[in-house]
$ cat my_file_13.csv   # CSV, C-alpha atoms
chain,number,residue,atom,x,y,z
A,1,MET,CA,0.0,0.0,0.0
A,2,ASN,CA,2.9,2.2,0.7
A,3,PHE,CA,4.0,1.8,-2.9
A,4,GLY,CA,0.8,3.2,-4.3
A,5,LYS,CA,0.9,6.1,-1.8
A,6,HIS,CA,4.3,7.2,-3.0
A,7,LEU,CA,3.3,6.8,-6.6
A,8,LYS,CA,0.3,9.0,-6.2
A,9,ASN,CA,2.4,11.5,-4.2
A,10,GLY,CA,4.8,11.9,-7.1
A,11,ILE,CA,2.2,12.1,-9.8
A,12,ILE,CA,-0.4,14.3,-8.2
A,13,THR,CA,0.0,15.5,-4.6
A,14,GLU,CA,3.6,16.6,-4.8
A,15,ASN,CA,3.9,16.8,-8.6
A,16,PRO,CA,7.5,18.1,-9.1
A,17,VAL,CA,6.5,20.6,-11.8
A,18,PHE,CA,3.1,21.8,-10.9
A,19,ARG,CA,3.2,21.6,-7.1
A,20,MET,CA,6.9,21.8,-6.1
A,21,LEU,CA,8.1,23.9,-9.1
A,22,LEU,CA,11.3,21.9,-9.5
A,23,GLY,CA,13.1,21.2,-12.7
A,24,MET,CA,11.8,24.3,-14.4
A,25,CYS,CA,14.7,24.7,-16.8
A,26,PRO,CA,14.1,21.5,-18.9
A,27,THR,CA,10.4,21.9,-18.4
A,28,LEU,CA,10.4,25.2,-20.2
A,29,ALA,CA,13.1,24.5,-22.7
A,30,VAL,CA,12.2,21.1,-24.2
A,31,THR,CA,8.4,21.2,-24.3
A,32,THR,CA,8.3,22.6,-27.8
A,33,ALA,CA,6.5,19.4,-28.9
A,34,ALA,CA,4.7,16.7,-27.1
A,35,ILE,CA,7.1,13.9,-28.0
A,36,ASN,CA,10.0,15.9,-26.6
A,37,GLY,CA,8.2,16.2,-23.3
A,38,VAL,CA,7.6,12.4,-23.3
A,39,GLY,CA,11.2,11.7,-24.2
A,40,MET,CA,12.7,14.0,-21.6
A,41,GLY,CA,10.3,12.8,-19.0
A,42,LEU,CA,11.0,9.1,-19.5
A,43,ALA,CA,14.8,9.7,-19.6
A,44,THR,CA,14.6,11.6,-16.3
A,45,THR,CA,12.4,8.9,-14.9
A,46,VAL,CA,15.0,6.2,-15.7
A,47,VAL,CA,17.7,8.3,-14.0
A,48,LEU,CA,15.4,9.0,-11.0
A,49,ILE,CA,14.6,5.4,-10.4
A,50,GLY,CA,18.2,4.3,-10.9
A,51,SER,CA,19.7,6.9,-8.6
A,52,ASN,CA,17.0,6.6,-5.9
A,53,VAL,CA,17.5,2.8,-5.8
A,54,VAL,CA,21.3,2.9,-5.7
A,55,ILE,CA,21.4,5.7,-3.2
A,56,SER,CA,18.9,3.9,-1.0
A,57,LEU,CA,21.0,0.8,-1.2
A,58,VAL,CA,24.3,2.5,-0.1
A,59,LYS,CA,22.9,5.1,2.2
A,60,ASP,CA,24.5,3.6,5.3
A,61,LEU,CA,27.9,3.3,3.6
A,62,ILE,CA,28.3,6.9,2.6
A,63,PRO,CA,29.6,9.2,5.3
A,64,SER,CA,27.3,12.2,5.7
A,65,LYS,CA,30.0,14.8,5.0
A,66,ILE,CA,30.5,13.6,1.4
A,67,ARG,CA,27.0,12.6,0.5
A,68,ILE,CA,26.4,15.4,-2.0
A,69,PRO,CA,29.4,14.5,-4.2
A,70,ALA,CA,28.6,10.9,-3.9
A,71,PHE,CA,24.9,11.5,-5.0
A,72,ILE,CA,26.2,13.6,-7.9
A,73,VAL,CA,28.5,10.8,-9.1
A,74,VAL,CA,25.7,8.3,-9.0
A,75,ILE,CA,23.3,10.6,-10.8
A,76,ALA,CA,25.9,11.6,-13.4
A,77,SER,CA,26.7,8.0,-14.1
A,78,PHE,CA,23.1,7.1,-14.7
A,79,VAL,CA,22.6,10.2,-17.0
A,80,THR,CA,25.7,9.2,-19.0
A,81,MET,CA,24.4,5.7,-19.4
A,82,VAL,CA,21.0,6.9,-20.5
A,83,GLY,CA,22.6,9.4,-22.9
A,84,MET,CA,24.7,6.6,-24.5
A,85,LEU,CA,21.8,4.3,-24.8
A,86,MET,CA,19.7,7.1,-26.4
A,87,LYS,CA,22.4,8.0,-28.9
A,88,ALA,CA,22.7,4.3,-29.9
A,89,TYR,CA,19.0,3.4,-30.1
A,90,VAL,CA,16.9,6.5,-30.5
A,91,PRO,CA,19.2,9.0,-32.2
A,92,GLU,CA,16.3,11.2,-33.5
A,93,LEU,CA,15.0,11.8,-30.0
A,94,ASP,CA,18.5,12.4,-28.8
A,95,LYS,CA,19.0,15.0,-31.4
A,96,SER,CA,15.8,16.8,-30.5
A,97,LEU,CA,16.6,16.9,-26.8
A,98,GLY,CA,20.2,17.7,-27.5
A,99,LEU,CA,22.0,19.5,-24.7
A,100,PHE,CA,19.2,18.8,-22.2
A,101,ILE,CA,20.0,15.1,-21.8
A,102,PRO,CA,23.4,15.8,-20.1
A,103,LEU,CA,21.7,18.6,-18.2
A,104,ILE,CA,19.5,16.0,-16.4
A,105,VAL,CA,22.4,15.7,-14.0
A,106,VAL,CA,21.6,19.1,-12.6
A,107,ASN,CA,17.8,18.7,-12.7
A,108,CYS,CA,17.1,19.6,-9.1
A,109,ILE,CA,14.3,17.0,-8.8
A,110,ILE,CA,16.8,14.2,-8.8
A,111,LEU,CA,19.1,15.6,-6.2
A,112,ALA,CA,16.1,16.7,-4.1
A,113,ARG,CA,14.6,13.2,-4.1
A,114,ALA,CA,18.0,11.7,-3.3
A,115,GLU,CA,18.6,14.0,-0.4
A,116,SER,CA,15.1,14.2,1.1
A,117,PHE,CA,13.9,10.7,0.4
A,118,ALA,CA,16.2,8.0,-1.0
A,119,SER,CA,18.9,8.6,1.6
A,120,LYS,CA,16.4,8.1,4.4
A,121,ASN,CA,14.1,5.4,3.2
A,122,ASN,CA,14.3,1.7,2.1
A,123,VAL,CA,14.8,0.6,-1.5
A,124,ILE,CA,11.2,-0.4,-2.4
A,125,ASP,CA,9.8,3.0,-1.1
A,126,SER,CA,12.6,4.8,-2.9
A,127,LEU,CA,11.9,3.0,-6.1
A,128,ALA,CA,8.2,4.0,-5.8
A,129,ASP,CA,9.1,7.6,-5.1
A,130,GLY,CA,11.5,7.7,-8.1
A,131,LEU,CA,8.8,6.2,-10.3
A,132,GLY,CA,6.1,8.5,-9.0
A,133,MET,CA,8.1,11.7,-9.3
A,134,GLY,CA,9.4,10.6,-12.7
A,135,LEU,CA,5.9,9.9,-14.0
A,136,GLY,CA,4.6,13.1,-12.5
A,137,PHE,CA,7.4,15.0,-14.4
A,138,THR,CA,6.7,13.1,-17.6
A,139,LEU,CA,2.9,13.9,-17.3
A,140,ALA,CA,3.6,17.6,-16.7
A,141,LEU,CA,6.0,17.9,-19.6
A,142,THR,CA,3.7,16.0,-22.0
A,143,ILE,CA,0.8,18.2,-21.1
A,144,LEU,CA,2.9,21.4,-21.5
A,145,GLY,CA,4.4,20.1,-24.7
A,146,ALA,CA,1.1,19.1,-26.2
A,147,ILE,CA,-0.5,22.5,-25.6
A,148,ARG,CA,2.5,24.4,-27.0
A,149,GLU,CA,2.7,22.1,-30.0
A,150,LEU,CA,-1.0,22.4,-30.7
A,151,PHE,CA,-1.1,26.2,-30.7
A,152,GLY,CA,2.5,26.7,-32.0
A,153,ALA,CA,2.5,24.2,-34.8
A,154,GLY,CA,-1.0,22.9,-35.2
A,155,SER,CA,-0.3,19.3,-34.3
A,156,ILE,CA,0.1,16.9,-31.3
A,157,PHE,CA,2.8,14.2,-31.5
A,158,GLY,CA,3.3,15.2,-35.1
A,159,VAL,CA,-0.3,14.6,-36.1
A,160,SER,CA,-1.7,17.7,-37.8
A,161,LEU,CA,-5.0,18.6,-36.0
A,162,MET,CA,-5.9,22.1,-36.9
A,163,GLY,CA,-6.4,22.1,-40.7
A,164,SER,CA,-4.4,23.9,-43.3
A,165,SER,CA,-6.0,27.4,-42.7
A,166,PHE,CA,-4.7,27.5,-39.1
A,167,GLN,CA,-2.1,30.1,-38.5
A,168,PRO,CA,0.2,28.8,-35.8
A,169,ALA,CA,1.1,31.2,-33.0
A,170,LEU,CA,4.9,31.1,-33.3
A,171,ILE,CA,5.3,32.5,-29.8
A,172,MET,CA,4.0,29.3,-28.3
A,173,ILE,CA,7.2,27.4,-29.4
A,174,LEU,CA,9.5,30.1,-28.3
A,175,PRO,CA,10.5,30.8,-24.6
A,176,PRO,CA,7.7,33.4,-23.9
A,177,GLY,CA,5.1,30.8,-24.9
A,178,ALA,CA,6.7,28.3,-22.4
A,179,PHE,CA,6.3,30.8,-19.5
A,180,LEU,CA,2.8,31.8,-20.5
A,181,THR,CA,1.6,28.2,-20.8
A,182,LEU,CA,3.2,27.1,-17.6
A,183,GLY,CA,1.9,30.1,-15.7
A,184,LEU,CA,-1.7,29.5,-16.9
A,185,LEU,CA,-1.4,25.7,-16.1
A,186,LEU,CA,-0.1,26.5,-12.5
A,187,ALA,CA,-3.0,28.9,-12.0
A,188,LEU,CA,-5.4,26.2,-13.2
A,189,MET,CA,-3.9,23.6,-10.8
A,190,ASN,CA,-4.1,25.9,-7.9
A,191,LYS,CA,-7.7,26.7,-8.6
A,192,MET,CA,-8.5,23.0,-8.9
A,193,SER,CA,-6.8,22.1,-5.6
A,194,GLN,CA,-8.6,25.0,-3.8
A,195,ARG,CA,-11.9,23.5,-4.6
A,196,ALA,CA,-10.9,20.0,-3.4
B,1,MET,CA,43.7,13.6,9.1
B,2,ARG,CA,42.4,10.0,9.4
B,3,GLU,CA,38.9,11.2,8.7
B,4,VAL,CA,40.0,13.0,5.5
B,5,LEU,CA,41.7,9.9,4.3
B,6,LYS,CA,38.6,7.8,5.0
B,7,LEU,CA,36.3,10.3,3.2
B,8,ALA,CA,38.7,10.4,0.2
B,9,GLY,CA,38.9,6.7,0.2
B,10,VAL,CA,35.1,6.3,0.0
B,11,LEU,CA,34.9,8.9,-2.8
B,12,PHE,CA,37.6,7.1,-4.6
B,13,ILE,CA,35.8,3.8,-4.4
B,14,ILE,CA,32.5,5.3,-5.6
B,15,THR,CA,34.1,7.1,-8.6
B,16,ALA,CA,36.2,4.0,-9.5
B,17,LEU,CA,33.0,1.9,-9.6
B,18,ALA,CA,31.2,4.5,-11.6
B,19,ALA,CA,34.1,4.6,-14.1
B,20,VAL,CA,34.1,0.8,-14.5
B,21,ILE,CA,30.4,0.6,-15.1
B,22,LEU,CA,30.5,3.5,-17.6
B,23,GLY,CA,33.4,1.9,-19.3
B,24,PHE,CA,31.4,-1.2,-19.9
B,25,THR,CA,28.3,0.8,-21.1
B,26,ASN,CA,30.6,2.6,-23.5
B,27,ILE,CA,31.9,-0.6,-24.9
B,28,ALA,CA,28.4,-1.9,-25.3
B,29,THR,CA,27.1,1.1,-27.1
B,30,ALA,CA,30.0,2.6,-29.0
B,31,GLY,CA,29.6,0.4,-32.0
B,32,LYS,CA,25.9,1.1,-32.4
B,33,ILE,CA,26.5,4.8,-32.0
B,34,GLU,CA,29.1,4.9,-34.7
B,35,GLU,CA,26.8,2.9,-36.9
B,36,GLN,CA,24.0,5.5,-36.5
B,37,GLN,CA,26.4,8.3,-37.2
B,38,GLU,CA,27.6,6.7,-40.4
B,39,LEU,CA,24.1,5.9,-41.5
B,40,GLU,CA,23.0,9.5,-41.0
B,41,ASN,CA,26.0,10.8,-43.0
B,42,LEU,CA,25.3,8.3,-45.8
B,43,LEU,CA,21.6,9.3,-46.0
B,44,ALA,CA,22.6,12.9,-46.1
B,45,ARG,CA,25.0,12.4,-49.0
B,46,GLN,CA,22.4,10.3,-50.8
B,47,GLU,CA,19.8,13.1,-50.4
B,48,ALA,CA,22.3,15.8,-51.6
B,49,LEU,CA,23.4,13.8,-54.7
B,50,SER,CA,20.7,11.4,-55.5
B,51,ILE,CA,22.2,10.3,-58.8
B,52,ALA,CA,25.0,8.6,-57.1
B,53,LYS,CA,24.8,5.0,-55.9
B,54,ASP,CA,27.8,4.9,-53.5
B,55,PHE,CA,30.3,7.3,-52.1
B,56,GLU,CA,34.0,7.4,-51.5
B,57,LYS,CA,35.9,9.9,-49.4
B,58,VAL,CA,38.3,12.1,-51.3
B,59,ASP,CA,41.7,12.2,-49.5
B,60,SER,CA,44.1,13.6,-51.9
B,61,LYS,CA,47.1,15.8,-50.9
B,62,GLU,CA,45.8,18.5,-53.2
B,63,LEU,CA,42.5,18.6,-51.3
B,64,ASN,CA,44.0,18.5,-47.9
B,65,GLU,CA,46.3,21.4,-48.8
B,66,THR,CA,43.4,23.4,-50.2
B,67,LEU,CA,41.3,22.8,-47.1
B,68,LYS,CA,44.0,24.4,-44.9
B,69,THR,CA,43.6,27.8,-46.6
B,70,THR,CA,41.3,30.4,-45.0
B,71,GLU,CA,39.3,30.6,-48.2
B,72,PHE,CA,38.2,27.0,-47.8
B,73,GLY,CA,38.5,26.8,-44.1
B,74,ILE,CA,34.8,26.0,-43.6
B,75,ILE,CA,34.9,22.9,-45.8
B,76,THR,CA,35.3,19.8,-43.6
B,77,GLU,CA,35.1,16.8,-46.0
B,78,VAL,CA,34.5,15.8,-49.6
B,79,TYR,CA,33.1,12.6,-51.0
B,80,SER,CA,32.9,11.6,-54.6
B,81,GLY,CA,29.6,10.1,-55.7
B,82,ASN,CA,29.8,7.1,-58.0
B,83,LYS,CA,27.5,5.1,-60.2
B,84,ASP,CA,28.6,2.0,-62.1
B,85,ASN,CA,32.2,2.7,-61.2
B,86,GLU,CA,32.1,6.2,-62.7
B,87,VAL,CA,32.2,9.5,-60.8
B,88,VAL,CA,28.9,11.4,-61.3
B,89,GLY,CA,29.4,14.2,-58.8
B,90,TYR,CA,30.7,15.3,-55.4
B,91,THR,CA,29.2,15.9,-52.0
B,92,ILE,CA,31.0,18.7,-50.1
B,93,LYS,CA,30.4,19.3,-46.4
B,94,SER,CA,30.9,22.8,-45.0
B,95,THR,CA,30.2,24.4,-41.6
B,96,PRO,CA,29.4,28.1,-42.1
B,97,SER,CA,28.6,30.2,-39.1
B,98,GLY,CA,24.9,30.7,-38.6
B,99,TYR,CA,22.8,32.6,-36.1
B,100,GLY,CA,23.2,30.3,-33.1
B,101,GLY,CA,26.4,28.4,-34.1
B,102,ASP,CA,27.9,26.5,-37.0
B,103,ILE,CA,25.5,24.9,-39.5
B,104,GLY,CA,26.5,21.6,-41.1
B,105,VAL,CA,25.7,21.8,-44.9
B,106,ILE,CA,26.3,19.0,-47.4
B,107,THR,CA,26.2,20.3,-51.0
B,108,GLY,CA,25.8,17.9,-53.9
B,109,ILE,CA,27.3,19.0,-57.2
B,110,SER,CA,27.0,16.9,-60.4
B,111,LEU,CA,29.7,16.7,-63.1
B,112,GLU,CA,27.2,18.4,-65.4
B,113,GLY,CA,27.8,21.5,-63.4
B,114,LYS,CA,24.7,21.9,-61.3
B,115,VAL,CA,23.9,21.9,-57.6
B,116,THR,CA,21.9,18.7,-57.2
B,117,GLY,CA,20.7,19.5,-53.8
B,118,ILE,CA,21.7,20.4,-50.2
B,119,LYS,CA,21.1,18.8,-46.8
B,120,ILE,CA,21.4,20.5,-43.5
B,121,VAL,CA,22.9,18.0,-41.1
B,122,SER,CA,23.4,20.0,-38.0
B,123,HIS,CA,22.5,23.4,-36.7
B,124,GLN,CA,21.6,25.5,-33.6
B,125,GLU,CA,19.2,27.9,-35.2
B,126,THR,CA,16.0,29.2,-33.7
B,127,PRO,CA,13.0,26.8,-33.8
B,128,GLY,CA,10.3,28.2,-36.0
B,129,LEU,CA,12.7,30.6,-37.8
B,130,GLY,CA,16.2,29.6,-38.8
B,131,ALA,CA,15.5,26.0,-37.9
B,132,ASN,CA,13.1,25.9,-40.9
B,133,ALA,CA,16.3,25.6,-43.0
B,134,THR,CA,15.9,21.9,-42.6
B,135,ASP,CA,12.5,21.9,-44.3
B,136,PRO,CA,12.6,20.4,-47.8
B,137,GLU,CA,10.8,23.5,-48.9
B,138,PHE,CA,13.9,25.6,-48.2
B,139,GLN,CA,16.5,23.1,-49.2
B,140,ASP,CA,14.8,22.5,-52.5
B,141,ARG,CA,15.4,26.1,-53.5
B,142,TYR,CA,19.0,25.1,-54.2
B,143,LYS,CA,18.2,22.3,-56.5
B,144,ASP,CA,19.4,22.6,-60.1
B,145,LYS,CA,21.1,25.9,-59.4
B,146,THR,CA,24.0,26.8,-61.7
B,147,ILE,CA,27.6,26.8,-60.5
B,148,GLU,CA,28.7,29.4,-63.0
B,149,GLN,CA,28.1,32.3,-60.6
B,150,PRO,CA,27.8,32.6,-56.8
B,151,LEU,CA,24.3,32.3,-55.4
B,152,ASP,CA,22.7,35.4,-54.0
B,153,VAL,CA,20.1,35.6,-51.2
B,154,VAL,CA,17.1,37.8,-51.9
B,155,LYS,CA,14.1,38.6,-49.8
B,156,THR,CA,11.5,38.5,-52.5
B,157,ALA,CA,10.8,36.0,-55.2
B,158,PRO,CA,14.0,35.2,-57.2
B,159,GLN,CA,14.2,36.9,-60.6
B,160,ASN,CA,17.5,35.4,-61.8
B,161,ASP,CA,18.8,31.8,-61.9
B,162,ASN,CA,21.4,32.5,-59.3
B,163,GLU,CA,19.0,33.9,-56.6
B,164,ILE,CA,17.7,32.1,-53.6
B,165,GLU,CA,14.8,33.3,-51.6
B,166,ALA,CA,15.6,33.7,-47.9
B,167,ILE,CA,13.5,32.2,-45.1
B,168,THR,CA,11.1,34.8,-43.7
B,169,GLY,CA,12.5,36.2,-40.5
B,170,ALA,CA,15.7,34.2,-40.8
B,171,THR,CA,18.0,36.1,-43.1
B,172,ILE,CA,21.2,35.3,-41.2
B,173,THR,CA,20.5,31.6,-41.4
B,174,SER,CA,19.7,31.8,-45.1
B,175,ASP,CA,22.9,33.8,-45.8
B,176,ALA,CA,25.0,31.3,-43.8
B,177,VAL,CA,23.7,28.3,-45.7
B,178,THR,CA,24.3,30.1,-49.0
B,179,VAL,CA,27.9,30.9,-47.9
B,180,GLY,CA,28.4,27.2,-47.3
B,181,VAL,CA,27.0,26.3,-50.7
B,182,ASN,CA,29.0,29.0,-52.5
B,183,THR,CA,32.2,27.9,-50.9
B,184,SER,CA,31.5,24.3,-51.9
B,185,ILE,CA,30.8,25.5,-55.5
B,186,GLU,CA,34.1,27.4,-55.5
B,187,LEU,CA,36.0,24.3,-54.2
B,188,TYR,CA,34.4,22.1,-56.9
B,189,ASN,CA,35.3,24.7,-59.6
B,190,LYS,CA,38.8,24.8,-58.4
B,191,LEU,CA,39.6,21.1,-57.9
B,192,PHE,CA,37.1,18.9,-59.5
B,193,LYS,CA,35.7,20.5,-62.7

$ encode --input "my_file_13.csv" --output "structure tokens"
Amino acid sequence: MNFGKHLKNGIITENPVFRMLLGMCPTLAVTTAAINGVGMGLATTVVLIGSNVVISLVKDLIPSKIRIPAFIVVIASFVTMVGMLMKAYVPELDKSLGLFIPLIVVNCIILARAESFASKNNVIDSLADGLGMGLGFTLALTILGAIRELFGAGSIFGVSLMGSSFQPALIMILPPGAFLTLGLLLALMNKMSQRA
Amino acid sequence: MREVLKLAGVLFIITALAAVILGFTNIATAGKIEEQQELENLLARQEALSIAKDFEKVDSKELNETLKTTEFGIITEVYSGNKDNEVVGYTIKSTPSGYGGDIGVITGISLEGKVTGIKIVSHQETPGLGANATDPEFQDRYKDKTIEQPLDVVKTAPQNDNEIEAITGATITSDAVTVGVNTSIELYNKLFK
């Protein structure tokens, strides 16, 4: 039952993007299309699960004074592995996400979960937390990406939806559009949770 | 002092383990990654010079010397395109400086003296503006262009055979790509005509 609770926490209650406002940089930068949101979200989820599990496994072996560099090494190793695997097997996606794959290392969601959860809980719970937070991140990025792609390019996941007479709002796939969409979504989330 | 040694020791063990694991991952994926790269390059050459069946890298002393000059500094590699064991054209890769960084442009030139096509293989241009350089609609503008005179970028519909219409709102990108193509044409005229 704990597993489900942690999952729901990561996806809804403490969604890293919409509730905790963590990992804003990749959120704003890569969501120019829905597929980029999914790709980045899943890559981050793999790293989150990996780093949460490993850190939870070795938490008693790492002296507290050097825990931050130790966490970073673990996280960076997983990101490097994910990067290599993506370059080898999904090169198109790797190209679209570009610089932001290596930047997953400094995505504060991962270090935050390592420090506040994985280093203090058992492996199964840490796995659930990593999965939940990762899925929450992926969900947020996909929604953001889909909205920006729909209004900025007239399609979702590359499927043209708005007809040929639709004039895309270019601003949506540029940085200002990212901030606008995110701001409006946050307002919507706040409104929805107020009523609950 | 002892505590510092212990901390250093633990960090050493962690980083050493990480290095070993990454080393293995590298070995496992390096081959596939190189394959993907080669495939991508081959497809790009194919698109730029569709009349050719296979490609061979040009590695002559003459070429290497020419590429060292500042005039041809942005050219990175040249392949000859062959069909039935005969050379039918060349694909020349250049890296002109665009708006957000270098743009990788492969220019195909046939022995008949025309640009057969271009392919943008890498860039850091703005999405929605300069990034539209990778659209077939833009790249097609270079098809069948003459190599007798340098190509010119114009903002309205082209009036002459050597004019290319720029991407709306992305003049710098359009200029950069054309510089790459023009330099490739110059190299072809100098060495391979």

$ atom_distance --input "my_file_13.csv" --atom1 "CA of Ala52 (chain B)" --atom2 "CA of Lys87 (chain A)"
28.3 Å

$ interface_residues --input "my_file_13.csv" --of "chain B" --to "chain A" --cutoff "7 Å" --atoms "only C-alpha atoms" --output "PyMOL selection string"
chain B and resi 7+11+15+18+22+25+29+32-33+36+128

$ residues_around --input "my_file_13.csv" --residues "region 66-76 of chain B" --least-positions-apart "4" --cutoff "12 Å" --atoms "only C-alpha atoms" --output "PyMOL selection string"
chain B and resi 57-62+91-97+102-107+176-177+179-188+190-191

$ atom_distance --input "my_file_13.csv" --atom1 "CA of Gly83 (chain A)" --atom2 "CA of Gly100 (chain B)"
23.3 Å

$ residues_around --input "my_file_13.csv" --residues "Ala146 (chain A)" --least-positions-apart "4" --cutoff "9 Å" --atoms "all atoms listed in the file" --output "VMD selection string"
chain A and resid 31 to 35 37 141 to 142 150 to 151 155 to 157

$ residues_around --input "my_file_13.csv" --residues "region 103-109 of chain A" --least-positions-apart "4" --cutoff "8 Å" --atoms "all atoms listed in the file" --output "list in words"
Pro16, Leu22, Gly23, Cys25, Pro26, Thr44, Ile72, Ile75, Ala76, Val79, Leu99 and Arg113 of chain A
